[in-house]
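Student: Sending over work_4.txt (compact mmCIF, C-alpha atoms).
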# COMPACT_ATOMS: atom_id res chain seq x y z
CA MET A 285 28.63 63.79 113.84
CA SER A 286 25.68 65.24 115.70
CA GLU A 287 22.10 64.40 114.88
CA GLU A 288 19.65 67.07 113.86
CA ARG A 289 16.56 67.37 115.99
CA PRO A 290 13.15 66.96 114.31
CA ASP A 291 12.31 70.62 114.87
CA GLY A 292 15.47 71.75 113.06
CA ALA A 293 17.24 72.90 116.24
CA GLN A 294 20.74 71.74 117.12
CA ASP A 295 21.41 69.05 119.67
CA PRO A 296 22.59 70.78 122.86
CA ALA A 297 24.93 67.86 123.52
CA ASP A 298 26.73 68.39 120.21
CA PRO A 299 30.35 69.38 120.95
CA HIS A 300 30.63 71.09 117.55
CA PRO A 301 27.24 72.59 116.71
CA ARG A 302 26.75 74.19 113.33
CA GLY A 303 26.42 77.94 112.97
CA LEU A 304 27.90 80.89 114.81
CA HIS A 305 28.87 80.03 118.41
CA SER A 306 31.73 80.34 120.87
CA HIS A 307 34.18 77.94 122.52
CA PRO A 308 35.79 78.67 125.85
CA HIS A 309 39.60 78.68 125.84
CA GLU A 310 42.07 79.17 128.63
CA HIS A 311 45.23 81.19 128.02
CA ALA A 312 47.75 81.93 130.80
CA GLY A 313 45.23 81.03 133.45
CA GLU A 314 42.53 83.31 132.03
CA LEU A 315 39.37 82.00 130.40
CA HIS A 316 38.40 83.47 126.99
CA GLU A 317 35.69 82.75 124.46
CA HIS A 318 36.37 82.94 120.73
CA VAL A 319 33.62 82.97 118.13
CA HIS A 320 33.70 80.15 115.59
CA HIS A 321 31.51 79.09 112.72
CA HIS A 322 30.98 75.49 111.67
CA ALA A 323 29.32 75.33 108.28
CA SER A 324 26.85 72.65 107.42
CA GLU A 325 27.14 70.51 104.32
CA ALA A 326 26.76 72.35 101.05
CA HIS A 327 23.37 71.95 99.46
CA GLU A 328 21.13 73.63 96.95
CA HIS A 329 17.54 74.73 97.10
CA GLY A 330 15.36 74.84 94.01
CA HIS A 331 13.47 78.10 93.71
CA VAL A 332 10.42 78.45 91.55
CA SER A 333 10.61 81.28 89.04
CA GLY A 334 8.00 84.00 88.83
CA ARG A 335 6.55 82.60 85.62
CA GLU A 336 6.12 79.17 87.18
CA ARG A 337 4.28 80.58 90.19
CA LEU A 338 1.94 82.45 87.88
CA ALA A 339 1.42 79.47 85.58
CA TRP A 340 0.20 77.28 88.47
CA GLN A 341 -2.50 79.72 89.58
CA VAL A 342 -6.19 78.92 89.27
CA SER A 343 -8.28 80.91 86.82
CA ALA A 344 -10.65 80.35 83.92
CA LEU A 345 -7.78 80.80 81.47
CA HIS A 346 -5.53 78.35 83.35
CA ARG A 347 -8.23 75.67 83.22
CA LEU A 348 -8.50 75.73 79.43
CA ASP A 349 -7.02 72.94 77.33
CA PRO A 350 -3.38 73.72 76.43
CA ARG A 351 -4.02 72.64 72.83
CA THR A 352 -6.75 75.24 72.54
CA LYS A 353 -4.58 78.00 73.97
CA MET A 354 -1.66 77.14 71.68
CA VAL A 355 -3.85 76.98 68.56
CA ALA A 356 -5.53 80.27 69.52
CA ALA A 357 -2.16 81.93 70.15
CA LEU A 358 -0.79 80.70 66.81
CA ALA A 359 -3.90 81.89 64.95
CA LEU A 360 -3.71 85.33 66.55
CA ILE A 361 0.01 85.67 65.80
CA LEU A 362 -0.54 84.69 62.17
CA ALA A 363 -3.39 87.19 61.89
CA VAL A 364 -1.10 89.94 63.17
CA VAL A 365 2.01 89.01 61.18
CA LEU A 366 0.49 88.15 57.80
CA THR A 367 -1.73 91.22 57.47
CA PRO A 368 -0.84 94.79 56.41
CA PRO A 369 0.58 97.19 59.02
CA LEU A 370 -1.81 97.69 61.91
CA ARG A 371 -3.64 100.98 62.25
CA PRO A 372 -3.36 102.68 65.65
CA LEU A 373 -6.96 101.74 66.51
CA GLU A 374 -6.36 98.09 65.63
CA PHE A 375 -3.17 98.05 67.67
CA ALA A 376 -4.92 99.62 70.67
CA LEU A 377 -7.84 97.17 70.51
CA LEU A 378 -5.56 94.13 70.23
CA THR A 379 -3.44 95.37 73.13
CA ALA A 380 -6.54 95.92 75.25
CA LEU A 381 -7.82 92.44 74.37
CA LEU A 382 -4.54 90.75 75.34
CA LEU A 383 -4.21 92.72 78.57
CA THR A 384 -7.79 91.80 79.43
CA ALA A 385 -6.88 88.15 78.87
CA ALA A 386 -3.87 88.63 81.16
CA LEU A 387 -6.12 90.06 83.87
CA ALA A 388 -8.53 87.15 83.43
CA GLY A 389 -5.54 84.83 83.94
CA ARG A 390 -4.53 86.74 87.11
CA LEU A 391 -1.25 87.89 85.57
CA PRO A 392 0.29 91.16 86.82
CA ILE A 393 0.10 93.72 84.03
CA GLY A 394 3.52 95.12 84.95
CA TRP A 395 5.09 91.67 84.67
CA VAL A 396 3.42 91.06 81.30
CA LEU A 397 4.57 94.42 79.91
CA ARG A 398 8.14 93.97 81.15
CA ARG A 399 8.45 90.50 79.65
CA SER A 400 6.96 91.55 76.30
CA ALA A 401 9.16 94.67 76.15
CA LEU A 402 12.29 92.50 75.91
CA VAL A 403 11.73 92.22 72.16
CA ILE A 404 11.64 95.96 71.55
CA PRO A 405 15.44 96.55 71.41
CA ILE A 406 15.82 93.76 68.83
CA ALA A 407 12.78 94.73 66.78
CA GLY A 408 13.67 98.41 67.08
CA THR A 409 17.15 97.83 65.70
CA ILE A 410 15.74 95.96 62.71
CA ALA A 411 13.04 98.59 62.20
CA LEU A 412 15.61 101.36 62.22
CA PHE A 413 17.25 100.13 59.01
CA ALA A 414 14.23 98.45 57.38
CA PRO A 415 13.02 101.60 55.57
CA LEU A 416 16.53 102.11 54.18
CA ALA A 417 16.58 98.59 52.75
CA ARG A 418 13.09 99.12 51.36
CA SER A 419 13.97 102.35 49.53
CA GLY A 420 17.46 101.28 48.46
CA GLY A 421 18.97 104.61 49.47
CA PRO A 422 22.56 105.20 50.61
CA LEU A 423 23.67 104.38 54.14
CA THR A 424 23.96 108.02 55.18
CA VAL A 425 22.00 110.39 57.37
CA GLY A 426 20.32 111.86 54.32
CA GLY A 427 19.48 108.41 52.99
CA VAL A 428 17.88 107.34 56.27
CA VAL A 429 15.89 110.59 56.56
CA GLY A 430 14.76 110.30 52.97
CA SER A 431 13.66 106.70 53.39
CA TYR A 432 11.51 107.64 56.40
CA ALA A 433 10.07 110.67 54.62
CA GLY A 434 8.95 108.42 51.78
CA GLY A 435 6.73 106.32 54.04
CA GLY A 436 9.43 104.19 55.58
CA TRP A 437 8.06 104.87 59.06
CA VAL A 438 5.12 102.60 58.17
CA ALA A 439 7.46 99.65 57.65
CA ALA A 440 9.29 100.46 60.88
CA TRP A 441 6.01 100.69 62.80
CA ALA A 442 4.84 97.38 61.32
CA ILE A 443 7.98 95.57 62.48
CA VAL A 444 7.92 96.92 66.05
CA SER A 445 4.16 96.62 66.59
CA LYS A 446 3.83 93.12 65.16
CA ALA A 447 6.87 91.82 67.01
CA TRP A 448 5.63 93.24 70.32
CA LEU A 449 2.07 91.92 69.91
CA SER A 450 3.39 88.47 68.97
CA VAL A 451 5.57 88.34 72.06
CA LEU A 452 2.70 89.64 74.18
CA VAL A 453 0.55 86.72 73.00
CA THR A 454 3.36 84.30 73.88
CA VAL A 455 3.81 85.83 77.35
CA VAL A 456 0.11 85.47 78.13
CA LEU A 457 0.18 81.87 76.89
CA SER A 458 3.26 80.88 78.91
CA GLY A 459 2.03 82.73 81.99
CA THR A 460 -1.25 80.79 82.07
CA THR A 461 0.00 77.34 81.06
CA PRO A 462 2.36 75.25 83.24
CA GLU A 463 5.33 73.68 81.49
CA PRO A 464 4.05 70.06 81.78
CA GLN A 465 0.82 71.10 80.09
CA LEU A 466 2.72 72.92 77.35
CA ILE A 467 4.72 69.76 76.63
CA ARG A 468 1.58 67.61 76.75
CA GLY A 469 -0.16 69.99 74.35
CA LEU A 470 2.75 69.95 71.92
CA GLN A 471 2.70 66.16 71.95
CA ALA A 472 -1.05 66.10 71.37
CA LEU A 473 -0.63 68.49 68.43
CA ARG A 474 1.80 65.96 66.88
CA LEU A 475 4.92 68.10 67.09
CA PRO A 476 7.98 65.89 66.36
CA ASP A 477 9.30 64.20 69.48
CA VAL A 478 12.78 65.65 69.01
CA PHE A 479 11.41 69.21 69.25
CA VAL A 480 9.27 68.38 72.29
CA THR A 481 12.27 66.81 74.05
CA LEU A 482 14.51 69.76 73.15
CA PHE A 483 11.95 72.26 74.46
CA SER A 484 11.53 70.27 77.67
CA PHE A 485 15.25 70.13 78.39
CA ILE A 486 15.82 73.79 77.58
CA TYR A 487 13.10 74.70 80.05
CA ARG A 488 14.31 72.31 82.75
CA TYR A 489 18.01 73.19 82.65
CA VAL A 490 18.08 76.90 81.83
CA ASP A 491 17.93 77.69 85.56
CA VAL A 492 20.80 75.26 86.20
CA LEU A 493 22.95 77.00 83.60
CA ARG A 494 21.99 80.39 84.98
CA SER A 495 23.02 79.25 88.46
CA GLN A 496 26.37 77.99 87.18
CA LEU A 497 27.01 81.27 85.37
CA ARG A 498 26.16 83.18 88.54
CA SER A 499 28.62 81.03 90.51
CA LEU A 500 31.37 81.68 87.96
CA ARG A 501 30.78 85.42 88.10
CA THR A 502 30.77 85.38 91.90
CA ALA A 503 34.07 83.50 91.92
CA LEU A 504 35.56 86.07 89.54
CA GLU A 505 34.33 89.02 91.59
CA SER A 506 35.71 87.55 94.82
CA ARG A 507 39.13 86.82 93.35
CA ALA A 508 39.65 89.91 91.20
CA PRO A 509 37.44 92.78 92.41
CA SER A 510 39.71 95.45 90.88
CA MET A 511 40.14 93.87 87.45
CA GLY A 512 39.84 96.28 84.51
CA ARG A 513 36.78 96.24 82.31
CA LEU A 514 38.57 95.11 79.13
CA ARG A 515 40.35 92.28 80.87
CA ARG A 516 37.12 91.33 82.65
CA TRP A 517 35.33 90.90 79.32
CA ARG A 518 38.14 88.66 78.12
CA VAL A 519 37.75 86.53 81.22
CA TYR A 520 33.99 86.40 80.60
CA GLY A 521 34.74 84.95 77.18
CA ASN A 522 36.80 82.21 78.81
CA LEU A 523 34.01 81.62 81.32
CA ALA A 524 31.55 81.21 78.45
CA GLY A 525 33.75 78.48 77.01
CA ASN A 526 34.02 76.86 80.43
CA LEU A 527 30.25 76.96 80.82
CA PHE A 528 29.80 75.39 77.37
CA ILE A 529 32.14 72.50 78.27
CA ARG A 530 30.31 71.96 81.55
CA SER A 531 26.95 71.99 79.79
CA TYR A 532 28.14 69.50 77.18
CA ASP A 533 29.49 67.15 79.85
CA ARG A 534 26.28 67.45 81.84
CA GLY A 535 24.25 66.66 78.73
CA GLU A 536 26.30 63.52 78.09
CA ARG A 537 25.80 62.32 81.66
CA ILE A 538 22.07 63.02 81.57
CA HIS A 539 21.70 61.24 78.23
CA ALA A 540 23.55 58.18 79.54
CA ALA A 541 21.38 58.16 82.67
CA MET A 542 18.21 58.38 80.59
CA LEU A 543 19.29 55.54 78.30
CA SER A 544 20.03 53.36 81.32
CA ARG A 545 16.46 53.97 82.50
CA GLY A 546 14.86 52.96 79.20
CA PHE A 547 14.53 56.27 77.35
CA ASP A 548 13.50 55.61 73.74
CA GLY A 549 13.33 59.18 72.44
CA THR A 550 9.76 59.87 73.56
CA LEU A 551 8.85 61.64 76.77
CA PRO A 552 6.13 59.98 78.87
CA THR A 553 2.71 61.54 78.48
CA GLY A 554 0.62 62.87 81.32
CA GLU A 555 -3.09 62.87 81.92
CA ALA A 556 -5.58 62.95 79.07
CA LEU A 557 -6.54 66.37 77.73
CA ARG A 558 -10.19 67.37 77.46
CA ALA A 559 -11.64 70.38 75.69
CA GLY A 560 -14.87 71.97 76.87
CA ALA A 561 -17.24 74.80 76.11
CA GLY A 562 -14.72 77.39 77.29
CA ASP A 563 -12.19 76.15 74.76
CA ALA A 564 -14.70 76.42 71.94
CA LEU A 565 -15.59 79.96 73.04
CA LEU A 566 -11.92 80.99 73.07
CA LEU A 567 -11.37 79.66 69.55
CA VAL A 568 -14.46 81.43 68.23
CA VAL A 569 -13.39 84.75 69.77
CA VAL A 570 -9.83 84.45 68.43
CA LEU A 571 -11.00 83.51 64.94
CA LEU A 572 -13.39 86.47 64.86
CA VAL A 573 -10.65 88.82 66.03
CA GLY A 574 -8.23 87.41 63.45
CA ALA A 575 -10.80 87.81 60.68
CA ALA A 576 -11.49 91.38 61.75
CA VAL A 577 -7.79 92.23 61.69
CA ALA A 578 -7.38 90.66 58.24
CA LEU A 579 -10.49 92.23 56.67
CA TYR A 580 -10.66 95.63 58.36
Step by step, read the file and then write its structure as structure tokens.
Tutor:
Amino acid sequence: MSEERPDGAQDPADPHPRGLHSHPHEHAGELHEHVHHHASEAHEHGHVSGRERLAWQVSALHRLDPRTKMVAALALILAVVLTPPLRPLEFALLTALLLTAALAGRLPIGWVLRRSALVIPIAGTIALFAPLARSGGPLTVGGVVGSYAGGGWVAAWAIVSKAWLSVLVTVVLSGTTPEPQLIRGLQALRLPDVFVTLFSFIYRYVDVLRSQLRSLRTALESRAPSMGRLRRWRVYGNLAGNLFIRSYDRGERIHAAMLSRGFDGTLPTGEALRAGAGDALLLVVVLLVGAAVALY
């Protein structure tokens, strides 16, 4: 086996270098060259997601204590969810406030809006039938129209607006707080260890599961490119079961490895957290905004 040079180039003395190259061959007294490809060993590269890159930036919002940001986010979500339906002016002011916080945290507004919009199809589906359940009318076109005419649009607006604002708060929080700090903050806020561990492992291994699913889909596409749509969905169901079995086996192996290294059910803590004047200012602003939303 050839040795790799420090600069990453191939050893010129290697008789079988990796990559695309040619070997001379002689056939019937005539010299030919045929192109060959020697693949290197299979390996994987870890790629940082967009959220992780944003979370490790440097800004005034990133430097705040994670406990403060989580408490402020929870207080703002409760103020939005537990109050009557938001008026258009209230909704516009809260949106402007959260987008301003995103800009202060150096988050791209387009990224923030795209991530927060993921909840709209779910919330919109619930909001579509919420007025009907509120009025108790029949499940017909006339019943739906009548339920909206009787003020049901207010209930639908409340569901969509509150769900979107709540997710927007969460996106800003996760985009300005790295995952280790989120876990450290949850531990400091005395969240049960089992929930902290579960959150940590979901975050760490979701990309691994996504990569495995992508590999399964690539294998299916390469082996059956002309498969019908109905049959393809059936195969996807089998792939989902295969992925579940793989995930379960991986979890067993990881758990055994952690136990062999002394895991006692508690994740190790990082550096000490310290709150400053900026944290106090953030809490005061959020509490004032929450009070204004509740009392206005």
Student: Check the smallest atom-to-atom distance from each of A:Ala508, A:Val365, A:Ile486, A:Leu473 to A:Ala442 using all atoms listed in the file, then report the winner.
Tutor: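 Looking only at the distances to A:Ala442, the closest residue turns out to be A:Val365.
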Student: So which residues touch A:Asp349 within 8 Å, counting only C-alpha atoms, skipping near sequence neighbours fewer than 3 positions away, as number ranges by chain?
Tutor: A: 352-353, 557-560, 563
Student: Export, as a tab-separated table (two decimals), keeping the file's coordinate frame, the selected residues with C-alpha atoms.
Tutor:
chain	number	residue	atom	x	y	z
A	352	THR	CA	-6.75	75.24	72.54
A	353	LYS	CA	-4.58	78.00	73.97
A	557	LEU	CA	-6.54	66.37	77.73
A	558	ARG	CA	-10.19	67.37	77.46
A	559	ALA	CA	-11.64	70.38	75.69
A	560	GLY	CA	-14.87	71.97	76.87
A	563	ASP	CA	-12.19	76.15	74.76
Student: Once you count all atoms listed in the file, what closest atom pair and distance in Å to one decimal does each residue of stretch 341-397 of chain A within 8 Å of stretch 443-448 of chain A have, with rows by chain and rising residue number, as JSON lines?
Tutor:
{"residue": "A:Val364", "atom": "CA", "partner": "A:Lys446", "partner_atom": "CA", "distance": 6.2}
{"residue": "A:Val365", "atom": "CA", "partner": "A:Lys446", "partner_atom": "CA", "distance": 6.0}
{"residue": "A:Leu370", "atom": "CA", "partner": "A:Ser445", "partner_atom": "CA", "distance": 7.7}
{"residue": "A:Phe375", "atom": "CA", "partner": "A:Ser445", "partner_atom": "CA", "distance": 7.5}
Student: When you count all atoms listed in the file, which of these residues is closest to A:Pro368: A:Leu391, A:Leu475, A:Val438, A:Leu397?
Tutor: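 Closest to A:Pro368, using all atoms listed in the file: A:Val438.
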Student: Quick one: pull the distance between atom CA of A:Pro476 and atom CA of A:Leu543, Å, one decimal.
Tutor: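 Computing it gives 19.4 Å between the two atoms.
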Student: Nearest to A:Ala357: which of A:Thr384, A:Ser544, A:Thr550, A:Ser458 is it, counting only C-alpha atoms?
Tutor: A:Ser458
Student: Calculated over all atoms listed in the file, which of the candidates A:Leu412, A:Leu497, A:Leu567, A:Ala344 has the smallest distance to A:Ala388?
Tutor: A:Ala344
Student: Please compute the atom CA of A:Thr379-atom CA of A:Ile393 distance, one decimal, in Å.
Tutor: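 Interatomic distance here is 11.6 Å.
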Student: Find, counting only C-alpha atoms, the residue in A:Ser495, A:Thr460, A:Thr481, A:Gln341 that gets nearest to A:Leu527.
Tutor: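 Of the candidates, the smallest distance to A:Leu527 is held by A:Ser495.
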Student: Let me make sure I understand: among A:Phe528, A:Trp395, A:Trp517, A:Phe479, which one has the smallest atom-to-atom distance to A:Arg494 if we use only C-alpha atoms?
Tutor: A:Phe528
Student: Please list, as a PyMOL selection string, the residues that have an atom at most 12 Å away from (23.7, 66.9, 79.0) in the coordinates of this file, counting all atoms listed in the file.
Tutor: chain A and resi 482+485-486+488-490+492-493+528-542
Student: Around the point (-6.1, 84.0, 73.3), in the coordinates given by the file, pick out the residues reaching within 12 Å, counting all atoms listed in the file, and return them as a PyMOL selection string.
Tutor: chain A and resi 345-346+348-361+378-379+381-386+388-389+449-450+452-461+562-574
Student: Grab the atom CA of A:Ile406 to atom CA of A:Ala363 distance for me, in Å with one decimal place.
Tutor: 21.5 Å
